[in-house]
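In what follows, a single structure is set out as C-alpha cells and then discussed.
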Amino acid sequence: MTKRIVVTGIGATSGIGGTAGDNWSNLLAGVSGARTMEHDWVEQYELPVNFAAEAVVRPEEVLARHEAKRLDPSSQFALVAAREAWADAGAPEVESERLGVDWATGIGGIWTLLDAWDTLREKGPRRVMPLTVPMLMANAPAGNLSLQFEARAYASTAVSACASSNESILNAYNHLQAGLADIVIAGGSESAIHPITMASFAAAQALSKRNDDPATASRPTAVSRDGFVMGEGAAALILETEEHAKARGAKIYAYLVGGALTADSYHITGNDPEGKGAARAVRQTLEIAGASADDVTHINAHATSTPVGDPNEFVALQTVFGDRIREIPVAATKAATGHLLGGTGALEAVFTVLALKNRTVPPTINVDEQDPEVPFLITPKPAELGAGDQLAISNSFGFGGHNAVIAFRSA
C-alpha cells in the first residue's frame with residue numbers, strides 16, 4: 001500500500017535569510033545574497049572572483065559556543081536549519097527508533113580539513129585537533145543531527161554534488177514508504193566558500209566574474225549569464241507519513257509525491273546536451289507520483305546561470321513537456337541565493353513547498369534579456385500560481401552526471 005508523505009516543518013539559512021520565513025520574504029522581494037567578500041584571503045591569494053552569497057546569519061551566532069567549536073560549518077548550518085524545521089513541525093513526540101535523518105552535502109568539512117592541514121604544516125602533529133576527522137567527514141552533519149534529535153531509525157548521507165539534497169529527500173521518501181520510520185529529518189548543507197573552491201571553480205570558468213556588480217551576477221536564462229555564484233547555508237524538511245502527522249494534529253505544508261535518480265554517464269562536470277538523463281528523471285518522478293506531464297503547474301529549475309547548463313536543462317524539459325514547457329511557471333531561485341552545491345536542492349525544495357502553500361511563483365531576478373534558447377516562463381516579480389490542485393517539480397543536477405528530481409503536490 002502506498003503511503004502519503006507530507007511536509008510538516010521547514011527550516012533554512014542562506015545568503016538571503018537566517019530562517020525559512022526570511023528566505024521566502026526576501027526571495028519574493030527580489031533580494032540578492034551575492035556580496036563582495038571581506039576576507040583577507042581574497043586579496044592574499046589574488047582570487048579572480050571576489051564575491052559570493054555568504055550566509056547572512058553566521059551559525060556561530062545562533063549556536064552555543066561549545067557546539068560551534070566542535071562542528072565544521074557544514075554541520076553548524078545543518079543544526080541551525082534542522083532545529084528550526086523541528087520547532088516548526090511542533091517538536092513532535094516520536095519514538096527514537098521511528099525517527100530518521102537523511103542529510104546531504106556535496107563537499108563536506110572542507111574548512112576543518114584544510115585548517116587542520118595548515119596546523120600540521122605550521123605547528124606539527126601535536127597541535128592537530130583530536131576531533132578533526134569527526135568534524136571533516138561528509139556524514140558528520142547527518143551524524144550530529146542523529147545525536148541531537150536521538151534519531152535511531154537510521155542516519156544516511158548523500159554525496160552527489162549538486163544533486164545531493166534531492167537524493168536525500170528522495171531517500172527519506174522511500175524509507176517512509178517502506179515503513180522504516182514515521183518521521184525523517186531531510187535536507188542538506190554546504191559551507192564551501194573557501195579559497196581553494198573559489199579558485200578551482202574560477203579556473204574551470206564556472207563562476208561569474210562580475211566583481212563590479214555581485215548582486216546581479218547570477219542571471220539564469222539571461223543572454224548575458226557567465227557562470228554561477230557560490231552560496232552557502234542549509235535547509236531542512238520534516239517529512240512524515242500522513243497517518244502519523246494527522247494523528248498528532250500537525251499542520252501540513254504539502255505532499256511529497258515522488259522523485260527519481262538517473263545518471264548521464266556523459267562527462268564528469270558537463271551534463272548531457274540532449275538532456276536524456278534529466279528527462280528520464282522527470283518522467284520517472286511523474287510516474288511515481290501517479291501524474292502526467294500535463295499535471296505539472298510549477299517548476300523550480302536547477303538553472304545555475306552557466307552558459308551551457310541552462311539551455312541543456314531547457315532541452316531536457318522540452319523533451320518531457322513539449323511546447324507546454326513555455327507555459328509552465330518556472331522559478332530560477334539561484335539568481336537570489338547563489339548555488340549552495342550539495343545544499344541547494346533542500347533550499348529549493350523549501351521554496352517549492354512554500355510556492356504551493358502560498359500559491360505564489362517566486363521571481364527570477366537579474367534577467368536583463370532572456371536567451372531565446374532558454375525560453376522558460378519566468379517573471380521578475382512574484383506571480384500567482386492559482387487555485388486548485390497544484391503539482392510542482394524541483395530539479396537538481398550535479399557533477400558526475402547525477403540527476404535528481406522530486407515532486408510536491410499542494411495540500
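Quick note on naming: the chains in the C-alpha cells go A, B, ... in the order shown, residues restart at 1 in each chain, and ligands are numbered from 1 in order of appearance.
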
Q) So which residues touch Glu54 in chain A within 7 Å, counting only C-alpha atoms, skipping near sequence neighbours fewer than 5 positions away, as an MDAnalysis selection string? A) chainID A and resid 15 231:232

Q | Gly398 in chain A environment, 8 Å, only C-alpha atoms, sequence neighbours closer than 6 positions dropped, as a list in words | A | Ser160, Ala161, Cys162, Ala163, Ser164 and Thr269 of chain A

Write out as an mmCIF file with all heavy atoms, in the first residue's frame the residues lying within 10 Å of Thr344 in chain A, counting only C-alpha atoms and excluding same-chain residues fewer than 5 positions away.
data_model
loop_
_atom_site.group_PDB
_atom_site.id
_atom_site.type_symbol
_atom_site.label_atom_id
_atom_site.label_comp_id
_atom_site.auth_asym_id
_atom_site.auth_seq_id
_atom_site.Cartn_x
_atom_site.Cartn_y
_atom_site.Cartn_z
ATOM 1 N N SER A 14 20.540 30.982 4.603
ATOM 2 C CA SER A 14 21.281 31.161 3.351
ATOM 3 C C SER A 14 21.760 32.603 3.242
ATOM 4 O O SER A 14 21.703 33.373 4.206
ATOM 5 C CB SER A 14 20.388 30.827 2.150
ATOM 6 O OG SER A 14 19.509 31.903 1.848
ATOM 7 N N ALA A 104 22.404 15.689 3.370
ATOM 8 C CA ALA A 104 23.278 15.732 2.197
ATOM 9 C C ALA A 104 24.321 16.829 2.320
ATOM 10 O O ALA A 104 24.118 17.835 2.989
ATOM 11 C CB ALA A 104 22.434 15.967 0.937
ATOM 12 N N THR A 105 25.405 16.609 1.635
ATOM 13 C CA THR A 105 26.416 17.644 1.426
ATOM 14 C C THR A 105 27.173 17.276 0.157
ATOM 15 O O THR A 105 27.291 16.097 -0.186
ATOM 16 C CB THR A 105 27.374 17.760 2.628
ATOM 17 O OG1 THR A 105 28.270 18.860 2.412
ATOM 18 C CG2 THR A 105 28.192 16.498 2.807
ATOM 19 N N GLY A 106 27.664 18.280 -0.533
ATOM 20 C CA GLY A 106 28.412 17.995 -1.752
ATOM 21 C C GLY A 106 29.904 17.856 -1.513
ATOM 22 O O GLY A 106 30.585 17.059 -2.151
ATOM 23 N N ALA A 161 27.268 15.643 -5.347
ATOM 24 C CA ALA A 161 27.486 17.005 -5.828
ATOM 25 C C ALA A 161 26.206 17.819 -5.655
ATOM 26 O O ALA A 161 25.573 17.753 -4.608
ATOM 27 C CB ALA A 161 27.985 16.993 -7.266
ATOM 28 N N CYS A 162 25.797 18.532 -6.688
ATOM 29 C CA CYS A 162 24.668 19.454 -6.563
ATOM 30 C C CYS A 162 23.313 18.751 -6.574
ATOM 31 O O CYS A 162 22.282 19.395 -6.394
ATOM 32 C CB CYS A 162 24.729 20.495 -7.678
ATOM 33 S SG CYS A 162 26.334 21.315 -7.763
ATOM 34 N N ALA A 163 23.314 17.435 -6.767
ATOM 35 C CA ALA A 163 22.076 16.666 -6.710
ATOM 36 C C ALA A 163 21.868 16.044 -5.329
ATOM 37 O O ALA A 163 20.879 15.345 -5.100
ATOM 38 C CB ALA A 163 22.092 15.566 -7.771
ATOM 39 N N SER A 164 22.781 16.303 -4.396
ATOM 40 C CA SER A 164 22.804 15.588 -3.118
ATOM 41 C C SER A 164 21.523 15.746 -2.305
ATOM 42 O O SER A 164 20.956 14.765 -1.811
ATOM 43 C CB SER A 164 23.996 16.053 -2.289
ATOM 44 O OG SER A 164 25.213 15.831 -2.950
ATOM 45 N N SER A 165 21.056 16.973 -2.112
ATOM 46 C CA SER A 165 19.880 17.189 -1.256
ATOM 47 C C SER A 165 18.640 16.504 -1.803
ATOM 48 O O SER A 165 17.869 15.900 -1.046
ATOM 49 C CB SER A 165 19.603 18.686 -1.098
ATOM 50 O OG SER A 165 20.510 19.293 -0.225
ATOM 51 N N ASN A 166 18.412 16.610 -3.096
ATOM 52 C CA ASN A 166 17.243 15.942 -3.663
ATOM 53 C C ASN A 166 17.328 14.431 -3.482
ATOM 54 O O ASN A 166 16.325 13.758 -3.272
ATOM 55 C CB ASN A 166 17.089 16.291 -5.146
ATOM 56 C CG ASN A 166 16.325 17.584 -5.360
ATOM 57 O OD1 ASN A 166 16.082 18.327 -4.420
ATOM 58 N ND2 ASN A 166 15.963 17.859 -6.600
ATOM 59 N N GLY A 187 17.350 16.953 4.341
ATOM 60 C CA GLY A 187 17.826 18.228 3.824
ATOM 61 C C GLY A 187 19.282 18.174 3.445
ATOM 62 O O GLY A 187 19.817 17.108 3.139
ATOM 63 N N GLY A 188 19.922 19.322 3.446
ATOM 64 C CA GLY A 188 21.321 19.382 3.051
ATOM 65 C C GLY A 188 21.963 20.680 3.488
ATOM 66 O O GLY A 188 21.279 21.677 3.756
ATOM 67 N N SER A 189 23.273 20.654 3.576
ATOM 68 C CA SER A 189 24.024 21.847 3.981
ATOM 69 C C SER A 189 25.347 21.901 3.241
ATOM 70 O O SER A 189 25.875 20.871 2.790
ATOM 71 C CB SER A 189 24.279 21.839 5.492
ATOM 72 O OG SER A 189 24.949 20.659 5.898
ATOM 73 N N GLU A 190 25.870 23.099 3.118
ATOM 74 C CA GLU A 190 27.173 23.293 2.475
ATOM 75 C C GLU A 190 27.812 24.564 3.005
ATOM 76 O O GLU A 190 27.134 25.589 3.189
ATOM 77 C CB GLU A 190 27.008 23.401 0.959
ATOM 78 C CG GLU A 190 28.270 23.100 0.176
ATOM 79 C CD GLU A 190 28.546 21.601 0.049
ATOM 80 O OE1 GLU A 190 29.225 21.043 0.948
ATOM 81 O OE2 GLU A 190 28.072 20.999 -0.926
ATOM 82 N N GLY A 231 27.223 29.912 -3.099
ATOM 83 C CA GLY A 231 26.388 30.195 -1.943
ATOM 84 C C GLY A 231 26.693 29.230 -0.813
ATOM 85 O O GLY A 231 27.504 28.306 -0.973
ATOM 86 N N GLU A 232 26.066 29.439 0.325
ATOM 87 C CA GLU A 232 26.253 28.530 1.456
ATOM 88 C C GLU A 232 25.026 28.571 2.338
ATOM 89 O O GLU A 232 24.187 29.468 2.232
ATOM 90 C CB GLU A 232 27.493 28.914 2.275
ATOM 91 C CG GLU A 232 27.377 30.253 2.979
ATOM 92 C CD GLU A 232 28.575 30.572 3.867
ATOM 93 O OE1 GLU A 232 29.461 29.715 4.025
ATOM 94 O OE2 GLU A 232 28.603 31.705 4.398
ATOM 95 N N GLY A 233 24.917 27.573 3.215
ATOM 96 C CA GLY A 233 23.795 27.521 4.135
ATOM 97 C C GLY A 233 23.235 26.118 4.232
ATOM 98 O O GLY A 233 23.929 25.129 3.963
ATOM 99 N N ALA A 234 21.968 26.035 4.597
ATOM 100 C CA ALA A 234 21.321 24.731 4.780
ATOM 101 C C ALA A 234 19.813 24.908 4.742
ATOM 102 O O ALA A 234 19.290 26.007 4.954
ATOM 103 C CB ALA A 234 21.730 24.111 6.112
ATOM 104 N N ALA A 235 19.130 23.814 4.485
ATOM 105 C CA ALA A 235 17.666 23.788 4.562
ATOM 106 C C ALA A 235 17.227 22.406 4.986
ATOM 107 O O ALA A 235 17.887 21.402 4.676
ATOM 108 C CB ALA A 235 17.034 24.167 3.222
ATOM 109 N N HIS A 302 16.889 23.914 -12.012
ATOM 110 C CA HIS A 302 18.261 23.885 -11.491
ATOM 111 C C HIS A 302 18.959 25.184 -11.881
ATOM 112 O O HIS A 302 19.618 25.803 -11.047
ATOM 113 C CB HIS A 302 19.006 22.680 -12.051
ATOM 114 C CG HIS A 302 20.370 22.494 -11.488
ATOM 115 N ND1 HIS A 302 20.592 22.322 -10.141
ATOM 116 C CD2 HIS A 302 21.600 22.459 -12.074
ATOM 117 C CE1 HIS A 302 21.890 22.181 -9.920
ATOM 118 N NE2 HIS A 302 22.519 22.267 -11.077
ATOM 119 N N THR A 333 15.679 30.166 -8.634
ATOM 120 C CA THR A 333 15.927 30.893 -7.390
ATOM 121 C C THR A 333 17.406 31.067 -7.042
ATOM 122 O O THR A 333 17.734 31.841 -6.139
ATOM 123 C CB THR A 333 15.192 30.204 -6.219
ATOM 124 O OG1 THR A 333 15.528 28.811 -6.192
ATOM 125 C CG2 THR A 333 13.687 30.332 -6.407
ATOM 126 N N LYS A 334 18.294 30.384 -7.753
ATOM 127 C CA LYS A 334 19.725 30.604 -7.525
ATOM 128 C C LYS A 334 20.143 32.026 -7.894
ATOM 129 O O LYS A 334 21.206 32.487 -7.468
ATOM 130 C CB LYS A 334 20.562 29.588 -8.308
ATOM 131 C CG LYS A 334 20.470 28.160 -7.799
ATOM 132 C CD LYS A 334 21.370 27.241 -8.601
ATOM 133 C CE LYS A 334 21.253 25.795 -8.145
ATOM 134 N NZ LYS A 334 19.942 25.192 -8.480
ATOM 135 N N THR A 337 19.879 33.338 -4.306
ATOM 136 C CA THR A 337 20.600 32.668 -3.212
ATOM 137 C C THR A 337 22.019 32.269 -3.562
ATOM 138 O O THR A 337 22.793 31.914 -2.667
ATOM 139 C CB THR A 337 19.866 31.391 -2.792
ATOM 140 O OG1 THR A 337 19.906 30.441 -3.882
ATOM 141 C CG2 THR A 337 18.421 31.689 -2.430
ATOM 142 N N GLY A 338 22.375 32.311 -4.844
ATOM 143 C CA GLY A 338 23.606 31.660 -5.262
ATOM 144 C C GLY A 338 23.404 30.149 -5.257
ATOM 145 O O GLY A 338 22.303 29.639 -5.011
ATOM 146 N N HIS A 339 24.480 29.431 -5.503
ATOM 147 C CA HIS A 339 24.419 27.974 -5.639
ATOM 148 C C HIS A 339 25.019 27.329 -4.392
ATOM 149 O O HIS A 339 26.217 27.432 -4.145
ATOM 150 C CB HIS A 339 25.195 27.572 -6.897
ATOM 151 C CG HIS A 339 24.994 26.158 -7.320
ATOM 152 N ND1 HIS A 339 24.288 25.245 -6.574
ATOM 153 C CD2 HIS A 339 25.441 25.475 -8.414
ATOM 154 C CE1 HIS A 339 24.293 24.080 -7.200
ATOM 155 N NE2 HIS A 339 24.981 24.193 -8.308
ATOM 156 N N ALA A 349 13.740 22.941 -2.438
ATOM 157 C CA ALA A 349 12.560 22.165 -2.031
ATOM 158 C C ALA A 349 11.694 22.992 -1.081
ATOM 159 O O ALA A 349 10.462 22.992 -1.186
ATOM 160 C CB ALA A 349 12.994 20.867 -1.363
ATOM 161 N N SER A 396 17.541 19.049 -9.651
ATOM 162 C CA SER A 396 18.934 19.231 -9.239
ATOM 163 C C SER A 396 19.818 18.311 -10.051
ATOM 164 O O SER A 396 19.550 17.106 -10.140
ATOM 165 C CB SER A 396 19.115 18.915 -7.749
ATOM 166 O OG SER A 396 18.559 19.927 -6.939
#

Q | Proximity to Pro220 in chain A - best of A:Gln76, A:Ser394, A:Thr197, A:Thr364, only C-alpha atoms | A | A:Thr364

Q.
Which residues are near Met137 in chain A? Cut-off 8 Å, only C-alpha atoms, ignore same chain within fewer than 4 positions. Put them as a PyMOL selection string.
A. chain A and resi 108-109+133

Mind writing the picked residues with N, CA and C atoms as a short mmCIF file (atom, residue, chain, number, x, y, z; two decimals), in the first residue's frame?
data_model
loop_
_atom_site.label_atom_id
_atom_site.label_comp_id
_atom_site.auth_asym_id
_atom_site.auth_seq_id
_atom_site.Cartn_x
_atom_site.Cartn_y
_atom_site.Cartn_z
N GLY A 108 31.33 18.71 2.09
CA GLY A 108 31.55 18.36 3.48
C GLY A 108 32.47 19.33 4.20
N GLY A 109 33.25 18.80 5.14
CA GLY A 109 34.02 19.63 6.04
C GLY A 109 35.32 20.16 5.50
N VAL A 133 38.87 14.49 12.31
CA VAL A 133 38.18 13.56 11.41
C VAL A 133 36.66 13.56 11.65
#

Q | Shortest interatomic distance to Ala247 in chain A - which of A:Leu131, A:Ala335, A:Val94, A:Ile378, counting only C-alpha atoms | A | A:Val94

Can you pull out the residues contacting Ala29 in chain A? Cut-off 9 Å, using only C-alpha atoms, and skip same-chain residues under 2 positions away; I want them as a PDB file with all heavy atoms, in the first residue's frame.
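Listing of out.pdb after writing:
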ATOM      1  N   TRP A  24      12.065  33.243   2.359  1.00  0.00           N
ATOM      2  CA  TRP A  24      10.920  33.362   1.458  1.00  0.00           C
ATOM      3  C   TRP A  24      10.553  34.822   1.195  1.00  0.00           C
ATOM      4  O   TRP A  24      10.367  35.227   0.043  1.00  0.00           O
ATOM      5  CB  TRP A  24       9.729  32.612   2.041  1.00  0.00           C
ATOM      6  CG  TRP A  24       8.489  32.663   1.213  1.00  0.00           C
ATOM      7  CD1 TRP A  24       7.312  33.275   1.520  1.00  0.00           C
ATOM      8  CD2 TRP A  24       8.279  32.066  -0.083  1.00  0.00           C
ATOM      9  NE1 TRP A  24       6.382  33.103   0.516  1.00  0.00           N
ATOM     10  CE2 TRP A  24       6.947  32.365  -0.481  1.00  0.00           C
ATOM     11  CE3 TRP A  24       9.083  31.316  -0.932  1.00  0.00           C
ATOM     12  CZ2 TRP A  24       6.413  31.930  -1.691  1.00  0.00           C
ATOM     13  CZ3 TRP A  24       8.543  30.891  -2.147  1.00  0.00           C
ATOM     14  CH2 TRP A  24       7.240  31.192  -2.518  1.00  0.00           C
ATOM     15  N   SER A  25      10.471  35.618   2.244  1.00  0.00           N
ATOM     16  CA  SER A  25      10.078  37.020   2.056  1.00  0.00           C
ATOM     17  C   SER A  25      11.119  37.776   1.240  1.00  0.00           C
ATOM     18  O   SER A  25      10.776  38.603   0.375  1.00  0.00           O
ATOM     19  CB  SER A  25       9.844  37.702   3.408  1.00  0.00           C
ATOM     20  OG  SER A  25      11.015  37.683   4.198  1.00  0.00           O
ATOM     21  N   ASN A  26      12.403  37.498   1.484  1.00  0.00           N
ATOM     22  CA  ASN A  26      13.442  38.178   0.712  1.00  0.00           C
ATOM     23  C   ASN A  26      13.516  37.675  -0.721  1.00  0.00           C
ATOM     24  O   ASN A  26      13.842  38.437  -1.639  1.00  0.00           O
ATOM     25  CB  ASN A  26      14.796  38.024   1.403  1.00  0.00           C
ATOM     26  CG  ASN A  26      14.914  38.926   2.626  1.00  0.00           C
ATOM     27  OD1 ASN A  26      14.357  40.005   2.671  1.00  0.00           O
ATOM     28  ND2 ASN A  26      15.635  38.459   3.644  1.00  0.00           N
ATOM     29  N   LEU A  27      13.197  36.398  -0.915  1.00  0.00           N
ATOM     30  CA  LEU A  27      13.131  35.867  -2.279  1.00  0.00           C
ATOM     31  C   LEU A  27      12.042  36.590  -3.063  1.00  0.00           C
ATOM     32  O   LEU A  27      12.261  37.020  -4.205  1.00  0.00           O
ATOM     33  CB  LEU A  27      12.846  34.366  -2.235  1.00  0.00           C
ATOM     34  CG  LEU A  27      12.740  33.655  -3.588  1.00  0.00           C
ATOM     35  CD1 LEU A  27      14.083  33.613  -4.305  1.00  0.00           C
ATOM     36  CD2 LEU A  27      12.190  32.229  -3.404  1.00  0.00           C
ATOM     37  N   VAL A  31      15.534  40.175  -3.379  1.00  0.00           N
ATOM     38  CA  VAL A  31      16.820  40.426  -2.734  1.00  0.00           C
ATOM     39  C   VAL A  31      17.873  39.466  -3.289  1.00  0.00           C
ATOM     40  O   VAL A  31      17.616  38.286  -3.495  1.00  0.00           O
ATOM     41  CB  VAL A  31      16.713  40.245  -1.208  1.00  0.00           C
ATOM     42  CG1 VAL A  31      18.079  40.315  -0.540  1.00  0.00           C
ATOM     43  CG2 VAL A  31      15.783  41.306  -0.626  1.00  0.00           C
ATOM     44  N   PRO A 363       9.971  35.110  -7.995  1.00  0.00           N
ATOM     45  CA  PRO A 363      10.558  35.786  -9.157  1.00  0.00           C
ATOM     46  C   PRO A 363      11.938  35.227  -9.497  1.00  0.00           C
ATOM     47  O   PRO A 363      12.596  34.605  -8.656  1.00  0.00           O
ATOM     48  CB  PRO A 363      10.671  37.234  -8.696  1.00  0.00           C
ATOM     49  CG  PRO A 363      10.865  37.135  -7.218  1.00  0.00           C
ATOM     50  CD  PRO A 363      10.015  35.967  -6.789  1.00  0.00           C
ATOM     51  N   LYS A 381       8.844  39.466 -11.052  1.00  0.00           N
ATOM     52  CA  LYS A 381       8.042  39.734  -9.860  1.00  0.00           C
ATOM     53  C   LYS A 381       7.298  38.460  -9.466  1.00  0.00           C
ATOM     54  O   LYS A 381       7.072  37.582 -10.295  1.00  0.00           O
ATOM     55  CB  LYS A 381       7.026  40.856 -10.127  1.00  0.00           C
ATOM     56  CG  LYS A 381       7.651  42.183 -10.535  1.00  0.00           C
ATOM     57  CD  LYS A 381       8.389  42.825  -9.365  1.00  0.00           C
ATOM     58  CE  LYS A 381       8.938  44.194  -9.773  1.00  0.00           C
ATOM     59  NZ  LYS A 381       9.692  44.825  -8.652  1.00  0.00           N
ATOM     60  N   PRO A 382       6.879  38.350  -8.203  1.00  0.00           N
ATOM     61  CA  PRO A 382       6.072  37.182  -7.824  1.00  0.00           C
ATOM     62  C   PRO A 382       4.819  37.100  -8.681  1.00  0.00           C
ATOM     63  O   PRO A 382       4.230  38.117  -9.044  1.00  0.00           O
ATOM     64  CB  PRO A 382       5.731  37.454  -6.354  1.00  0.00           C
ATOM     65  CG  PRO A 382       6.796  38.389  -5.875  1.00  0.00           C
ATOM     66  CD  PRO A 382       7.145  39.245  -7.060  1.00  0.00           C
TER      67      PRO A 382
END

Q. Near Glu95 in chain A, within 12 Å and counting only C-alpha atoms, which residues show up once chain neighbours fewer than 5 positions away are dropped, as a PyMOL selection string?
A. chain A and resi 100+149-153+181-184+244

Q.
Report as a list in words all protein, DNA and RNA residues lying within 12 Å of Ser292 in chain A, evaluated on only C-alpha atoms, omitting residues in the same chain fewer than 4 positions from it.
A.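 These residues fall inside the cut-off: Val282, Arg283, Gln284, Thr285, Leu286, Glu287, Ile288, Val296, Thr297, Val320, Phe321, Leu391, Ala392, Ile393 and Ala407 of chain A.
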
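Rounded to one decimal, CA of Thr2 in chain A and CA of Ala82 in chain A lie 26.8 Å from each other.
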